[in-house]
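Have a look at upload.pdb; it's PDB, C-alpha atoms, pLDDT in the B column:
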MODEL        1
ATOM      1  CA  MET U 136       1.398  -2.296 -19.888  1.00 51.00           C
ATOM      2  CA  ARG U 137      -0.128   0.865 -21.363  1.00 52.00           C
ATOM      3  CA  ASN U 138      -2.762   1.023 -18.594  1.00 50.00           C
ATOM      4  CA  THR U 139      -0.029   0.660 -15.965  1.00 53.00           C
ATOM      5  CA  ARG U 140       1.900   3.543 -17.509  1.00 55.00           C
ATOM      6  CA  VAL U 141      -1.221   5.737 -17.604  1.00 49.00           C
ATOM      7  CA  ILE U 142      -1.866   5.012 -13.918  1.00 57.00           C
ATOM      8  CA  LEU U 143       1.772   5.750 -13.024  1.00 53.00           C
ATOM      9  CA  VAL U 144       1.737   9.003 -14.980  1.00 50.00           C
ATOM     10  CA  ALA U 145      -1.470  10.078 -13.222  1.00 52.00           C
ATOM     11  CA  ALA U 146      -0.017   9.193  -9.828  1.00 54.00           C
ATOM     12  CA  ILE U 147       3.195  11.116 -10.515  1.00 53.00           C
ATOM     13  CA  ALA U 148       1.232  14.120 -11.739  1.00 49.00           C
ATOM     14  CA  MET U 149      -0.872  14.143  -8.587  1.00 50.00           C
ATOM     15  CA  LEU U 150       2.049  13.581  -6.227  1.00 48.00           C
ATOM     16  CA  SER U 151       4.119  16.294  -7.874  1.00 43.00           C
ATOM     17  CA  TRP U 152       1.175  18.683  -7.442  1.00 43.00           C
ATOM     18  CA  THR U 153       2.485  20.326  -4.261  1.00 41.00           C
ATOM     19  CA  ALA U 154       1.612  23.988  -4.501  1.00 43.00           C
ATOM     20  CA  VAL U 155       0.993  25.611  -1.129  1.00 48.00           C
ATOM     21  CA  GLN U 156      -0.635  28.966  -0.624  1.00 49.00           C
ATOM     22  CA  ALA U 157       1.767  31.564   0.811  1.00 53.00           C
ATOM     23  CA  ASN U 158       2.052  31.395   4.593  1.00 69.00           C
ATOM     24  CA  GLU U 159      -0.499  28.639   5.032  1.00 86.00           C
ATOM     25  CA  ARG U 160      -0.838  28.089   8.777  1.00 89.00           C
ATOM     26  CA  GLY U 161      -1.320  24.885  10.703  1.00 90.00           C
ATOM     27  CA  ILE U 162      -1.388  23.484  14.214  1.00 91.00           C
ATOM     28  CA  VAL U 163       0.551  20.438  15.384  1.00 92.00           C
ATOM     29  CA  ILE U 164      -2.142  18.021  16.568  1.00 90.00           C
ATOM     30  CA  ARG U 165       0.134  15.156  17.573  1.00 86.00           C
ATOM     31  CA  ALA U 166       3.540  15.538  19.220  1.00 89.00           C
ATOM     32  CA  GLY U 167       6.356  14.313  17.023  1.00 90.00           C
ATOM     33  CA  ASP U 168       9.706  15.248  15.575  1.00 94.00           C
ATOM     34  CA  LEU U 169      10.847  17.943  13.171  1.00 96.00           C
ATOM     35  CA  PHE U 170      13.025  16.268  10.529  1.00 96.00           C
ATOM     36  CA  ALA U 171      15.800  17.718   8.352  1.00 96.00           C
ATOM     37  CA  GLU U 172      14.341  16.001   5.259  1.00 94.00           C
ATOM     38  CA  PRO U 173      10.984  14.400   4.366  1.00 93.00           C
ATOM     39  CA  PHE U 174      12.082  10.893   5.369  1.00 90.00           C
ATOM     40  CA  ILE U 175      11.441   8.909   8.536  1.00 89.00           C
ATOM     41  CA  ASP U 176      15.151   8.112   8.881  1.00 91.00           C
ATOM     42  CA  ALA U 177      16.310  11.719   8.330  1.00 94.00           C
ATOM     43  CA  ALA U 178      18.129  13.627  11.073  1.00 95.00           C
ATOM     44  CA  LYS U 179      15.817  14.923  13.786  1.00 95.00           C
ATOM     45  CA  LEU U 180      15.979  18.672  14.368  1.00 95.00           C
ATOM     46  CA  GLY U 181      13.981  18.568  17.582  1.00 93.00           C
ATOM     47  CA  PRO U 182      10.590  17.769  19.063  1.00 94.00           C
ATOM     48  CA  LEU U 183       7.249  19.329  18.197  1.00 94.00           C
ATOM     49  CA  THR U 184       4.522  19.558  20.813  1.00 91.00           C
ATOM     50  CA  GLY U 185       0.759  19.465  20.453  1.00 89.00           C
ATOM     51  CA  ASN U 186      -0.990  22.801  19.722  1.00 90.00           C
ATOM     52  CA  GLN U 187       2.244  24.293  18.387  1.00 93.00           C
ATOM     53  CA  PRO U 188       1.586  26.669  15.444  1.00 93.00           C
ATOM     54  CA  VAL U 189       3.499  26.110  12.185  1.00 94.00           C
ATOM     55  CA  THR U 190       3.771  27.859   8.845  1.00 93.00           C
ATOM     56  CA  ILE U 191       3.525  25.411   5.939  1.00 93.00           C
ATOM     57  CA  THR U 192       5.888  26.222   3.067  1.00 92.00           C
ATOM     58  CA  GLU U 193       5.776  23.076   0.937  1.00 90.00           C
ATOM     59  CA  ARG U 194       4.073  19.690   0.597  1.00 88.00           C
ATOM     60  CA  ARG U 195       5.787  16.552  -0.591  1.00 87.00           C
ATOM     61  CA  GLY U 196       3.841  13.310  -0.466  1.00 83.00           C
ATOM     62  CA  GLY U 197       2.852  12.695   3.152  1.00 86.00           C
ATOM     63  CA  TRP U 198       5.202  15.391   4.469  1.00 90.00           C
ATOM     64  CA  LEU U 199       4.958  19.135   5.090  1.00 91.00           C
ATOM     65  CA  ALA U 200       7.867  21.575   5.116  1.00 94.00           C
ATOM     66  CA  VAL U 201       7.227  23.922   8.023  1.00 95.00           C
ATOM     67  CA  GLU U 202       8.673  26.895   9.844  1.00 95.00           C
ATOM     68  CA  VAL U 203       8.255  26.725  13.604  1.00 92.00           C
ATOM     69  CA  GLY U 204       9.969  28.707  16.349  1.00 89.00           C
ATOM     70  CA  GLY U 205      12.674  29.983  14.005  1.00 91.00           C
ATOM     71  CA  ARG U 206      13.438  26.496  12.721  1.00 94.00           C
ATOM     72  CA  ARG U 207      12.697  24.983   9.321  1.00 95.00           C
ATOM     73  CA  GLY U 208      12.136  21.309   8.748  1.00 96.00           C
ATOM     74  CA  TRP U 209       9.731  18.556   7.785  1.00 96.00           C
ATOM     75  CA  VAL U 210       6.841  17.023   9.699  1.00 94.00           C
ATOM     76  CA  ARG U 211       4.454  14.218   8.846  1.00 91.00           C
ATOM     77  CA  MET U 212       1.243  15.560   7.321  1.00 88.00           C
ATOM     78  CA  LEU U 213      -0.840  13.472   9.721  1.00 87.00           C
ATOM     79  CA  ASN U 214       0.566  15.473  12.649  1.00 89.00           C
ATOM     80  CA  VAL U 215      -0.756  18.833  11.388  1.00 90.00           C
ATOM     81  CA  ARG U 216      -4.177  20.324  10.700  1.00 88.00           C
ATOM     82  CA  LEU U 217      -4.911  23.567   8.921  1.00 81.00           C
ATOM     83  CA  GLU U 218      -5.440  26.427  11.335  1.00 72.00           C
ATOM     84  CA  ALA U 219      -7.847  28.571   9.344  1.00 56.00           C
ATOM     85  CA  ALA U 220     -10.143  28.086   6.396  1.00 54.00           C
ATOM     86  CA  PRO U 221      -8.312  28.449   3.080  1.00 50.00           C
ATOM     87  CA  ARG U 222      -8.779  31.522   0.943  1.00 49.00           C
ATOM     88  CA  PRO U 223     -11.551  31.296  -1.673  1.00 51.00           C
ATOM     89  CA  GLY U 224     -10.202  29.573  -4.759  1.00 50.00           C
ATOM     90  CA  ALA U 225      -7.183  28.137  -2.920  1.00 49.00           C
ATOM     91  CA  ASN U 226      -6.444  24.553  -3.861  1.00 48.00           C
ATOM     92  CA  THR U 227      -6.010  22.469  -0.702  1.00 48.00           C
ATOM     93  CA  ALA U 228      -7.099  19.140  -2.174  1.00 44.00           C
ATOM     94  CA  ALA U 229      -4.107  17.282  -0.721  1.00 45.00           C
ATOM     95  CA  MET U 230      -5.296  18.080   2.811  1.00 51.00           C
ATOM     96  CA  ARG U 231      -9.063  17.766   2.395  1.00 46.00           C
ATOM     97  CA  THR U 232     -10.980  14.543   3.015  1.00 39.00           C
ATOM     98  CA  GLY U 233     -14.393  15.629   1.844  1.00 42.00           C
ATOM     99  CA  SER U 234     -15.769  15.623   5.374  1.00 43.00           C
ATOM    100  CA  THR U 235     -17.180  18.757   6.941  1.00 44.00           C
ATOM    101  CA  GLY U 236     -14.132  19.224   9.173  1.00 51.00           C
ATOM    102  CA  ARG U 237     -10.573  20.031   8.211  1.00 50.00           C
ATOM    103  CA  THR U 238      -8.889  16.658   8.459  1.00 50.00           C
ATOM    104  CA  VAL U 239      -5.409  15.905   7.183  1.00 48.00           C
ATOM    105  CA  ALA U 240      -4.989  12.997   4.788  1.00 47.00           C
ATOM    106  CA  THR U 241      -2.046  11.639   2.867  1.00 48.00           C
ATOM    107  CA  GLY U 242      -2.008  10.276  -0.656  1.00 51.00           C
ATOM    108  CA  VAL U 243      -4.682  11.287  -3.118  1.00 47.00           C
ATOM    109  CA  LYS U 244      -7.632  10.971  -0.760  1.00 50.00           C
ATOM    110  CA  GLY U 245      -9.774  14.052  -1.143  1.00 57.00           C
ATOM    111  CA  LEU U 246      -9.062  14.730  -4.807  1.00 64.00           C
ATOM    112  CA  ASP U 247     -12.278  14.927  -6.723  1.00 71.00           C
ATOM    113  CA  GLU U 248     -12.930  14.254 -10.393  1.00 76.00           C
ATOM    114  CA  VAL U 249     -12.321  17.899 -11.346  1.00 78.00           C
ATOM    115  CA  ASP U 250      -8.917  17.867  -9.607  1.00 76.00           C
ATOM    116  CA  ILE U 251      -7.903  14.634 -11.310  1.00 76.00           C
ATOM    117  CA  ARG U 252      -9.094  15.747 -14.752  1.00 79.00           C
ATOM    118  CA  GLY U 253      -7.230  19.044 -14.283  1.00 81.00           C
ATOM    119  CA  ALA U 254      -3.933  17.331 -13.372  1.00 81.00           C
ATOM    120  CA  SER U 255      -1.166  17.706 -15.912  1.00 83.00           C
ATOM    121  CA  ILE U 256       1.790  15.507 -16.797  1.00 85.00           C
ATOM    122  CA  ASP U 257       5.162  16.416 -15.321  1.00 84.00           C
ATOM    123  CA  ARG U 258       7.341  15.445 -18.280  1.00 90.00           C
ATOM    124  CA  GLU U 259      10.538  15.594 -16.209  1.00 89.00           C
ATOM    125  CA  GLN U 260       9.127  13.056 -13.736  1.00 87.00           C
ATOM    126  CA  LEU U 261       7.892  10.892 -16.605  1.00 87.00           C
ATOM    127  CA  ALA U 262      11.395  10.869 -18.104  1.00 88.00           C
ATOM    128  CA  ARG U 263      12.808   9.870 -14.713  1.00 88.00           C
ATOM    129  CA  LEU U 264      10.250   7.064 -14.526  1.00 87.00           C
ATOM    130  CA  ASP U 265      11.281   5.811 -17.975  1.00 87.00           C
ATOM    131  CA  GLN U 266      14.908   5.653 -16.777  1.00 89.00           C
ATOM    132  CA  LEU U 267      13.849   3.206 -14.057  1.00 87.00           C
ATOM    133  CA  ALA U 268      12.366   0.714 -16.509  1.00 87.00           C
ATOM    134  CA  VAL U 269      13.979  -2.715 -16.834  1.00 87.00           C
ATOM    135  CA  SER U 270      13.379  -5.502 -19.287  1.00 88.00           C
ATOM    136  CA  GLU U 271      11.266  -8.503 -18.330  1.00 88.00           C
ATOM    137  CA  SER U 272      14.339 -10.768 -18.523  1.00 90.00           C
ATOM    138  CA  ASP U 273      16.321  -8.469 -16.165  1.00 90.00           C
ATOM    139  CA  ALA U 274      13.411  -8.431 -13.723  1.00 88.00           C
ATOM    140  CA  ARG U 275      13.141 -12.243 -13.809  1.00 88.00           C
ATOM    141  CA  GLN U 276      16.903 -12.602 -13.310  1.00 91.00           C
ATOM    142  CA  HIS U 277      16.777 -10.304 -10.282  1.00 88.00           C
ATOM    143  CA  ALA U 278      13.798 -12.229  -8.875  1.00 90.00           C
ATOM    144  CA  VAL U 279      15.685 -15.542  -9.215  1.00 91.00           C
ATOM    145  CA  GLN U 280      18.748 -14.059  -7.458  1.00 92.00           C
ATOM    146  CA  ASP U 281      16.589 -12.918  -4.532  1.00 90.00           C
ATOM    147  CA  ASN U 282      14.508 -16.138  -4.404  1.00 91.00           C
ATOM    148  CA  LEU U 283      11.293 -14.262  -5.189  1.00 89.00           C
ATOM    149  CA  LYS U 284       8.251 -16.230  -6.314  1.00 87.00           C
ATOM    150  CA  GLU U 285       5.952 -15.140  -9.107  1.00 85.00           C
ATOM    151  CA  SER U 286       2.440 -14.217  -8.085  1.00 85.00           C
ATOM    152  CA  ARG U 287      -0.452 -13.643 -10.461  1.00 85.00           C
ATOM    153  CA  VAL U 288      -3.110 -11.086  -9.588  1.00 84.00           C
ATOM    154  CA  ASP U 289      -6.424 -10.993 -11.414  1.00 85.00           C
ATOM    155  CA  TYR U 290      -7.678  -7.738 -12.844  1.00 82.00           C
ATOM    156  CA  LEU U 291     -10.197  -5.915 -10.694  1.00 80.00           C
ATOM    157  CA  LYS U 292     -13.807  -6.314 -11.684  1.00 82.00           C
ATOM    158  CA  PRO U 293     -15.432  -3.142 -13.026  1.00 79.00           C
ATOM    159  CA  GLY U 294     -17.059  -1.085 -10.272  1.00 76.00           C
ATOM    160  CA  LYS U 295     -19.915   1.316 -10.243  1.00 69.00           C
ATOM    161  CA  VAL U 296     -19.509   4.591 -12.077  1.00 65.00           C
ATOM    162  CA  LYS U 297     -20.883   7.721 -10.464  1.00 58.00           C
TER     163      LYS U 297
ENDMDL
END
Show how you would write the structure in this file as structure tokens.
Amino acid sequence: MRNTRVILVAAIAMLSWTAVQANERGIVIRAGDLFAEPFIDAAKLGPLTGNQPVTITERRGGWLAVEVGGRRGWVRMLNVRLEAAPRPGANTAAMRTGSTGRTVATGVKGLDEVDIRGASIDREQLARLDQLAVSESDARQHAVQDNLKESRVDYLKPGKVK
């Protein structure tokens, strides 16, 4: 249980790490929609076309808040690539894959050991996580109500350490 909590805390810290450099620019690489919120079922504000320039104002998970053509909204991160090289010292780990090109990636791909060790705990998010906890008996009762079957998963075997 403690290991699970440590992993969850690390994941929340990394996902809440959404700082964007001022006026970071990008290019739409895949036509798609501009959404009112960072959700696939959010209201659509209009289409985006390939090669359309955007200004990135915020990152949230796999979504980017952008300004484009006088409109503000959200676009999937996979539909945008950075237009220019980041400023020296700028942290763009959430959009770097480690390859030589500038490729967009979602999740924590691209974070290196230094980034992960430098992550800090967002105590507000941790408190919110604690509010979601349920007892084992409540979880089992819910599983029975929804006809869910228990499944055991073995621990992963230790891998190589770099």
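If you look at CA of Leu213 in chain U and CA of Ala177 in chain U, they are 17.3 Å away from each other.
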Discussion item. Would you pick out the contacts of range 158-171 of chain U at 7 Å or less, using only C-alpha atoms, so that residues sharing its chain but fewer than 4 positions from it are not included, and give the list as a ChimeraX atom specification?
Written reply: /U:177-192,208-210,214-218
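Taking CA of Arg287 in chain U as the reference point, CA of Arg275 in chain U is found at 14.1 Å.
Note that CA of Glu172 in chain U and CA of Asp257 in chain U are 22.5 Å apart.
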What are the centre and the three edge lengths of an axis-aligned box that wraps all atoms of range 196-208 of chain U in the file, given that 6 Å is added to every side, written as JSON and rounded to one decimal in Å?
{"center_x": 8.1, "center_y": 21.3, "center_z": 7.9, "size_x": 22.6, "size_y": 29.3, "size_z": 28.8}
